[in-house]
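S.K.: Take this structure first; my questions come after.
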Amino acid sequence: MEFPILSLMLAVPLVGAIACLFLGAQNARMTALVATLSNLALGIVLWLNYDIGGAQWQFVERAEIFAGFSYALGIDGIALMLIMLSVFLMPICILASWDAIEKRVGEYMSAFLLMEVLMIGVFAAQDMFLFYIFFEAGLIPMYLIIGVWGGDNRIYASYKFFLYTLLGSVLMLIAMMWMVNEAGTTDIPTLLNYDFEPQAQTWLWLAFFASFAVKMPMWPVHTWLPDAHVQAPTAGSVILAGVLLKLGGYGFIRFSLPMFPEASEQFAWLVFILSMVAVVYTSLVALVQHDMKKLIAYSSVAHMAIVTVGLFAFNAQGIEGAMMVMLGHGLVSGALFLCVGVIYDRLHTREIARYGGLAINMPRYALFFMLFTMASVGLPGTSNFVGEFLALAGIYQVSTFVTLVCTTGIILGAAYMLYLYRRVAFGEQKNADAAAMPDLNAREWAMLAPIAAAVLWMGIYPESFLAPMRQDIAALEARIARAAPDYDADNVIGTPREHNANFVAPAHGEEHDAEGAH
Amino acid sequence: MSYATSLYLTGAEVGLSLTGLVLLLVAAWGGSKSARLVTIVSVAALIGAAIFSVGLFDRAGSEVAGRAFGDLYRADAFGSFAKILIYLAASAVLVVTPRFFGQSGSYRAEYPVLMVFNAVGMGMMVSATDLMTLYIGLEMSSLSSYVLASFLKQDDRSSEAGLKYFVLGALASGIILYGISLVYGFTGSTNYEGIRAAFTTSFPTGALFGVVFVLAGLAFKVSAVPFHMWTPDVYEGAPTPVTAFFASAPKVAAMGMLLRMAMDPFAGEVDAWRQIVIFAALASIVVGALGAIGQQNLKRLLAYSSINNVGFILIGLAAATPAGIAGALTYLAIYVAMVVGSFTALLMLRDPADNNLETFADISGLSTRRPALAWSLLALMFSLAGIPPLFGFWGKFVVFQAAVQADLVPLAAIGIAASVIGAFYYLKFIKVMFFDEPLREVEASSPVSHWAVLAICVAVISPLGYLLTIPLGEWTAQAAASFVAAM
């Protein structure tokens, strides 16, 4: 038996979470930071020991301690990357809450650590019902984080978040029960290769879609997201945007596509239409926001739509692109929320109009903010470019029209992000209090610098991130190949004509000769 | 079969009856001074009865050996499982009772005696295999319940609750009795085995009426929609410890009686009663959830919650498979822990003047005043809402899984979607405790006995409960198998 590193990664934050409940404010902060940093260290160990090109499922653990399902953990490259994203963002979230959270610090830190346990659990679960338990349990800490430490309208937002996502996921549970009953196993790797009747797939796919579309979130069930983001404390927004939104995409990759390939193909049009609407509509909505967090929340919906089209392109490029967008977006939107949090902590408002000219008094801040703005736009050299390019290249092979519409998202993205940046960082310093804000302190540096480094790393050398996933995405592509749609841009290479286009064929051989005689 | 064997098999009831009679004498001569002693002895007797039932559960293997008094009574795994739950719930409730009546001096020694006799009746309900035994058990339990509901004589609400419960309960008993008479008339037997045998040869429409009447009366006892009207009023009016009792032990007994009735004498007529059960299940889930939304009184809210929970248990019955029965029993076991825990927490809420607090306004901001209590309630509420990783999820999981396995996917889908409505008011509970500012002063300390009961309940419904899934699955499967053996 190998060293149970995944269980350890679950246990460390869990112990921390329980300890935090009983500790005073400062001790709870330290405990949480130590726990998340140790988990980051464990995550790095995990990545270093991950055997690229080795077995599909690594670090497998299994214990039959429950009736009806088992405690089975194991990861492939896709899960590895998402676990890395979670453990990377967590210490940063703790740092972001260091001073911002003053009341009930112990409980707050406890909720965050619990969140980390559950997120790692979702990505590492190899049992269908274990996955569901982790997936659904995440609602509890997030409900508390929004409800207790959120903004003015936090109660409405917390209810909406909870009930929306719960309603989405309960139907998935019934579908899972049906699948387990049919296939006779709860083991995800086995179910990945089980062929359900195409007829049944339709219903199963819809039940899973209800859950993942809400989590993703896809238009028109995205409305919980802006509310939740705006009301949540900064670190809550970071986790929500950085990791929780990835659960939907992960669900599509892990369940919908490989388990129901035929149904996925059958409903691809639905996903495309919803995604196209989301890209254009939410980008336009983002353009007119006055609240910074809301703007970034809407931009998240638009970015997630690129993920969904990439996934349903049914080819490796599209899926790789979707994964890269998820990772990139997790970092970038998380960082953007942190940037908002930095100035919110100083001025306690998210109104864009209350700021202006921050580049003058906060040059370092403006630099970071610029980098993340550019990354969000998808500038080459940053993480999002890689993902968006691959995803769009993937979908181009399926539908040029969808690609056309989704690409406008990039343009609109540039519009609203640059407009935001201009209003916040450039222009005149029209508000005296905003002009008097001090630049980043050491703690804020420590939060933003690692993300900036990761964003650039991912943009310049994405191979580090693509390599662990490549084999798994290839396996997924092979699995769904039988249902892959035809390519509308698949030009057929005809036989070349004999002559140039301006060649005029002579009617008779003699005429030709006669002409030559002239 | 020897008489001694019969006495041994009914040992729990016999023991409790004797204890009850002796305690009655003690109470009669000792007066209210003896209340404490009588309570302690009663708790001990109930726990003893539970342990005795564990012993019977283990040796329930041989089916014939389980029959007592010429098959009027059967001590099988199902009955023992239900009885263990009943006795434990009753003793837990009794432990947290005396303080409620505390200063007012209205706690008297009759209270534990009534509980003991109630427990005897409940034990008979779940073990009866003859309609007459069943009816006697039912009435024995009901009559003591009516008295308990109106135990606070000076309190109008309590008297009203007792009267309401009595009038409607008597009506339900009448309906059951009428159904019994029809069943007896068409089958010529009151014995479960005899009825089942008669139904396999012919099932006339008149007998169907009998079955429907019996089920309707039982639906009243478990407070399933559309026979639920009495529940909110009685739960709100009765003294809180009595409400805690009503919501736990008699619920298990009535449910156990219903399960046995459906799966033993009526087992051949599943198609006849399944649609009734499906309707009652879905209606209970929806009405229980919607009715609770506007409530301000926590007891009333928990009354609707219990209606809601009955709906989920009935989904297990609707499956009409061993897995469904096992699921319903699992749900009951978890439900008892949740409901006893919730009411214990409610009983711990008192203001400095020692008045009981029981509205939403009273618990607002509880998490800052009494964090441990608030966190316990949070776990209990999320568990009642069925959110994993709390153990309440497992109860819902097993009944829905049984429904899916029995090809009742639409039922499962509608039921689980309706459970989201229920989540709304459990969330309100948490919102009020955690998100709102404190309004009222809450007494800072509670007796150790309350903490102990609460701690046990919370430990069971916490994620640690999942470690129980394997033994719980085995026990409930064994209990459900008692019917298969009988079939």
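Order determines the names: the first chain of the structure tokens is A, the second B, and so forth; residues in each chain are numbered 1 upward, and ligands are numbered 1 upward as they are shown.
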Could you find all residues in region 99-230 of chain B that DSSP calls alpha helix (DSSP H) from the backbone, and write them as an MDAnalysis selection string?
M.R.: chainID B and resid 99:101 110:127 131:149 156:187 192:201 205:221 230
S.K.: Sort by chain and increasing residue number a table of all residues of chain B within 7 Å of chain A, each with its closest pair of atoms and their distance in Å to one decimal, counting only C-alpha atoms, and write it as CSV.
M.R.:
```
residue,atom,partner,partner_atom,distance
B:Ile387,CA,A:Ala137,CA,6.5
B:Pro388,CA,A:Ala137,CA,5.1
B:Pro389,CA,A:Ala137,CA,5.6
B:Gln401,CA,A:Met177,CA,6.0
B:Val404,CA,A:Trp178,CA,6.1
B:Gln405,CA,A:Asn181,CA,6.4
B:Ala412,CA,A:Ile174,CA,6.9
B:Ala413,CA,A:Leu171,CA,6.3
B:Ile416,CA,A:Val170,CA,6.3
B:Ala417,CA,A:Leu167,CA,6.5
B:Val420,CA,A:Leu167,CA,6.0
B:Phe434,CA,A:Val148,CA,6.5
B:Phe435,CA,A:Val148,CA,5.1
B:Tyr466,CA,A:Phe66,CA,6.4
B:Leu467,CA,A:Phe66,CA,6.2
B:Thr469,CA,A:Ala67,CA,5.2
B:Ile470,CA,A:Ala67,CA,4.7
B:Gly473,CA,A:Ala67,CA,6.7
```
S.K.: Region 27-73 of chain A: which residues are strand (DSSP E or B) by DSSP, as a list in words?
M.R.: Gln58, Phe59, Val60, Glu61, Arg62, Ala63, Tyr71, Ala72 and Leu73 of chain A
S.K.: Skipping near chain neighbours, those fewer than 4 positions away, what residues fall within 12 Å of Phe203 (chain B) using only C-alpha atoms, listed as a list of chain:residue names?
M.R.: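 Returned residues: B:Val183, B:Phe186, B:Thr187, B:Ile195, B:Arg196, B:Ala197, B:Ala198, B:Phe199, B:Ala207, B:Leu208, B:Phe209, B:Gly210, B:Val211, B:Phe266, B:Gly268, B:Glu269, B:Val270, B:Asp271, B:Ala272.
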S.K.: Store the residues picked out above in a file with C-alpha atoms, as a PDB file, in the first residue's frame.
M.R.:
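part10.pdb, written as the output of this step:
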```
ATOM      1  CA  VAL B 183     -61.029  -7.180   6.893  1.00  0.00           C
ATOM      2  CA  PHE B 186     -64.078 -10.790   4.412  1.00  0.00           C
ATOM      3  CA  THR B 187     -61.256 -13.018   5.553  1.00  0.00           C
ATOM      4  CA  ILE B 195     -55.510 -12.660   6.399  1.00  0.00           C
ATOM      5  CA  ARG B 196     -52.699 -12.997   3.922  1.00  0.00           C
ATOM      6  CA  ALA B 197     -53.704 -16.557   3.127  1.00  0.00           C
ATOM      7  CA  ALA B 198     -57.304 -15.490   2.615  1.00  0.00           C
ATOM      8  CA  PHE B 199     -56.321 -12.606   0.367  1.00  0.00           C
ATOM      9  CA  ALA B 207     -61.796  -6.162   1.681  1.00  0.00           C
ATOM     10  CA  LEU B 208     -60.140  -3.412  -0.311  1.00  0.00           C
ATOM     11  CA  PHE B 209     -62.290  -0.947   1.626  1.00  0.00           C
ATOM     12  CA  GLY B 210     -61.106  -2.570   4.814  1.00  0.00           C
ATOM     13  CA  VAL B 211     -57.474  -2.197   3.786  1.00  0.00           C
ATOM     14  CA  PHE B 266     -51.431  -6.980   2.891  1.00  0.00           C
ATOM     15  CA  GLY B 268     -50.011  -9.762  -1.577  1.00  0.00           C
ATOM     16  CA  GLU B 269     -51.985  -6.627  -2.434  1.00  0.00           C
ATOM     17  CA  VAL B 270     -49.106  -4.235  -3.028  1.00  0.00           C
ATOM     18  CA  ASP B 271     -50.780  -2.825  -6.110  1.00  0.00           C
ATOM     19  CA  ALA B 272     -53.867  -2.032  -4.078  1.00  0.00           C
TER      20      ALA B 272
END
```
S.K.: Please identify all polymer residues within 8 Å of region 444-447 of chain A, counting only C-alpha atoms, omitting same-chain residues fewer than 6 positions from it, and present them as a list of chain:residue names.
M.R.: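 Final neighbour list, sorted by chain and number: A:Ile92, A:Leu95, A:Ala96, A:Val342.
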S.K.: Would you mind reading off the distance between CA of Pro410 (chain B) and CA of Val214 (chain A), one decimal, in Å?
M.R.: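 CA of Val214 (chain A) lies at a distance of 21.7 Å from CA of Pro410 (chain B).
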S.K.: Neighbours of region 346-357 of chain B within 7 Å (only C-alpha atoms; same-chain residues fewer than 4 positions away dropped), as number ranges by chain?
M.R.: B: 342, 362, 441-443, 446
S.K.: Can you write out the residues you just picked, keeping C-alpha atoms, as a PDB file, in the first residue's frame?
M.R.:
```pdb
ATOM      1  CA  SER B 342     -33.494  19.076  18.006  1.00  0.00           C
ATOM      2  CA  ASP B 362     -35.876  33.909  20.645  1.00  0.00           C
ATOM      3  CA  GLU B 441     -31.101  37.020  26.610  1.00  0.00           C
ATOM      4  CA  VAL B 442     -30.512  33.286  26.749  1.00  0.00           C
ATOM      5  CA  GLU B 443     -29.559  31.444  29.867  1.00  0.00           C
ATOM      6  CA  SER B 446     -27.763  23.785  30.797  1.00  0.00           C
TER       7      SER B 446
END
```
S.K.: So, counting only C-alpha atoms, which residue among B:Ala379, B:Leu408, B:Val54, B:Ala333 is closest to Gly256 (chain B)?
M.R.: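 When distances to Gly256 (chain B) are compared using only C-alpha atoms, the smallest one comes from B:Ala333.
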S.K.: Point out the residue among B:Tyr304, B:Lys153, B:Ala119, B:Gly15 with the least atom-to-atom distance to Ala224 (chain B), counting only C-alpha atoms.
M.R.: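 That would be B:Tyr304, the residue with the smallest distance to Ala224 (chain B).
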S.K.: For CA of Trp205 (chain A) and CA of Ala268 (chain A), quote the distance in Å rounded to one decimal.
M.R.: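 Computing the Euclidean distance for CA of Trp205 (chain A) and CA of Ala268 (chain A) yields 11.2 Å.
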S.K.: Show me, as number ranges by chain, the residues that have an atom within 9 Å of region 18-26 of chain B when counting only C-alpha atoms, minus same-chain residues fewer than 5 positions from it.
M.R.: B: 13, 31, 34, 38, 41-42, 45, 109-110, 112-117
S.K.: Env of region 84-88 of chain B: 7 Å cut, atoms = only C-alpha atoms, seq-sep filter 3 positions within chain, self excluded. Answer as a list in words.
M.R.: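 The residues satisfying every condition are Leu46, Ile47, Ala49, Ala50, Ser53, Val54, Ser80, Phe81, Ser91, Ala92, Ala119, Ala249, Val252, Ala253 and Ala333 of chain B.
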S.K.: Let me see the file: selected residues, N, CA, C and O atoms, as a short mmCIF file (atom, residue, chain, number, x, y, z; two decimals), in the first residue's frame.
M.R.:
```
data_model
loop_
_atom_site.label_atom_id
_atom_site.label_comp_id
_atom_site.auth_asym_id
_atom_site.auth_seq_id
_atom_site.Cartn_x
_atom_site.Cartn_y
_atom_site.Cartn_z
N LEU B 46 -36.63 1.43 30.91
CA LEU B 46 -36.70 1.55 29.45
C LEU B 46 -35.40 1.10 28.80
O LEU B 46 -35.40 0.39 27.79
N ILE B 47 -34.29 1.54 29.40
CA ILE B 47 -33.00 1.13 28.83
C ILE B 47 -32.84 -0.37 28.96
O ILE B 47 -32.36 -1.06 28.04
N ALA B 49 -35.24 -2.55 28.96
CA ALA B 49 -36.08 -3.17 27.92
C ALA B 49 -35.39 -3.13 26.57
O ALA B 49 -35.46 -4.07 25.78
N ALA B 50 -34.69 -2.00 26.30
CA ALA B 50 -33.97 -1.90 25.03
C ALA B 50 -32.89 -2.96 24.95
O ALA B 50 -32.73 -3.63 23.93
N SER B 53 -34.31 -6.25 24.30
CA SER B 53 -34.69 -6.39 22.88
C SER B 53 -33.48 -6.66 22.00
O SER B 53 -33.59 -7.37 21.00
N VAL B 54 -32.33 -6.09 22.37
CA VAL B 54 -31.12 -6.39 21.61
C VAL B 54 -30.85 -7.88 21.67
O VAL B 54 -30.53 -8.52 20.66
N SER B 80 -37.94 -6.19 17.17
CA SER B 80 -36.89 -5.84 18.13
C SER B 80 -36.19 -4.55 17.72
O SER B 80 -35.92 -3.69 18.56
N PHE B 81 -35.92 -4.41 16.43
CA PHE B 81 -35.25 -3.20 15.97
C PHE B 81 -36.09 -1.97 16.32
O PHE B 81 -35.60 -0.99 16.87
N SER B 91 -36.57 6.83 26.62
CA SER B 91 -35.73 7.10 27.79
C SER B 91 -34.98 8.42 27.62
O SER B 91 -34.84 9.19 28.57
N ALA B 92 -34.50 8.69 26.38
CA ALA B 92 -33.79 9.96 26.17
C ALA B 92 -34.71 11.14 26.45
O ALA B 92 -34.30 12.12 27.08
N ALA B 119 -44.86 3.10 26.48
CA ALA B 119 -43.84 2.28 25.83
C ALA B 119 -44.31 0.83 25.69
O ALA B 119 -44.03 0.17 24.68
N ALA B 249 -40.75 8.55 19.63
CA ALA B 249 -41.11 7.15 19.86
C ALA B 249 -42.44 6.73 19.23
O ALA B 249 -42.48 5.74 18.49
N VAL B 252 -42.16 6.17 15.59
CA VAL B 252 -41.52 4.91 15.22
C VAL B 252 -42.52 3.76 15.35
O VAL B 252 -42.63 2.90 14.47
N ALA B 253 -43.29 3.79 16.46
CA ALA B 253 -44.22 2.70 16.69
C ALA B 253 -45.29 2.65 15.60
O ALA B 253 -45.56 1.59 15.03
N ALA B 333 -34.33 5.35 12.26
CA ALA B 333 -33.28 5.39 13.27
C ALA B 333 -32.61 6.76 13.27
O ALA B 333 -32.39 7.38 14.32
#
```
